[in-house]
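So the structure is just underneath, and the comments pick up after that.
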Amino acid sequence: MAALLTIGVAPAAQAAPKPPAKPTSVQIVGKDIAGTLIVDPTDGTRLFDALLGEVSWMATATPQTTAPKADKLGPKYTLTVMQKTAPEAVYELFPLAAGGPRAHRPAKQPVINKSATDGWFYGRLTMSETLRAGGVPLQAKPDVLPGGIGGGIGQDIKNEDLDPVAGMNSFLTEVRRLFLLNGAVLVVIVFGLAGIAFLIRRRV
């Protein structure tokens, strides 16, 4: 009886699908990039996962918008998701598109016998800064990335920028300057009123 149960359960256990292997690197090509940028987990797990996060959600997503006009897209950066030396998926990112970042999923994909519906999507607001952190020469926009000091990719901040004493001194200096300015204005007003009162008294 036990043998029969074992035989009955074995096929079910063998039928469990094997989870897909995680990509091993991301390649980036595009405007002002000399050659190909290659980012893998050795460059930082957080950065690698952030780059994957910019495109992986499009693999099975339904297109969200139509293709923008070419002159509204700005520079294009092509991301190729790699599994060792074999490309798995290709996406095109437009971080500086008019109206916000756009992303394109080409219908033709590198995996044999695999294709996707050609589709355009609204990209994440973090696209530009994530690409910049990966080596793409884009203008810094650290305000759009979560984390900063407490986590995330963020920006390097100098210690003096975080010094509470220096910050308080700067604040007190500004307050002192404001009081001096207000005092000067008050003195001018008082002398003006005194002059007017003196002229009125002379006429009387």
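Residues are referred to by chain and number: the chain letter is A, B, ... according to the order shown in the structure tokens, the number counts from 1 in that chain, and ligands are numbered separately from 1 in the order shown.
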Inset, instruction - Select from range 56-92 of chain A everything DSSP, run on the backbone, classes as strand (DSSP E or B), then give the selection as a PyMOL selection string. - result: chain A and resi 65+77-83+86-92
Inset, instruction - Skip Val55 in chain A itself and residues of its chain fewer than 6 positions away, then list as a list in words all residues within 12 Å of it, counting only C-alpha atoms. - result: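 After dropping sequence-adjacent residues, the list is Val26, Phe48, Asp49, Ala61, Tyr77, Thr78, Leu79, Thr80, Val81, Ala89, Val90, Tyr91, Glu92, Leu93, Phe94, Arg102, Ala103, His104, Arg105, Trp120, Phe121, Tyr122, Gly123, Arg124, Thr126, Met127, Thr130 and Leu131 of chain A.
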Inset, instruction - Using only C-alpha atoms, find the one residue out of A:Leu73, A:Ile28, A:Ala86, A:Ala67 that sits nearest to Leu52 in chain A. - result: A:Ile28
Inset, instruction - Identify which of the residues A:Ala197, A:Val136, A:Ala107, A:Ala184 lies closest to Pro63 in chain A, counting only C-alpha atoms when measuring atom-to-atom distances. - result: A:Ala107
Inset, instruction - May I ask which of the residues A:Ala116, A:Ala97, A:Val185, A:Met82 is the closest one to Lys22 in chain A, counting only C-alpha atoms? - result: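 Of all the options, A:Met82 lies closest to Lys22 in chain A.
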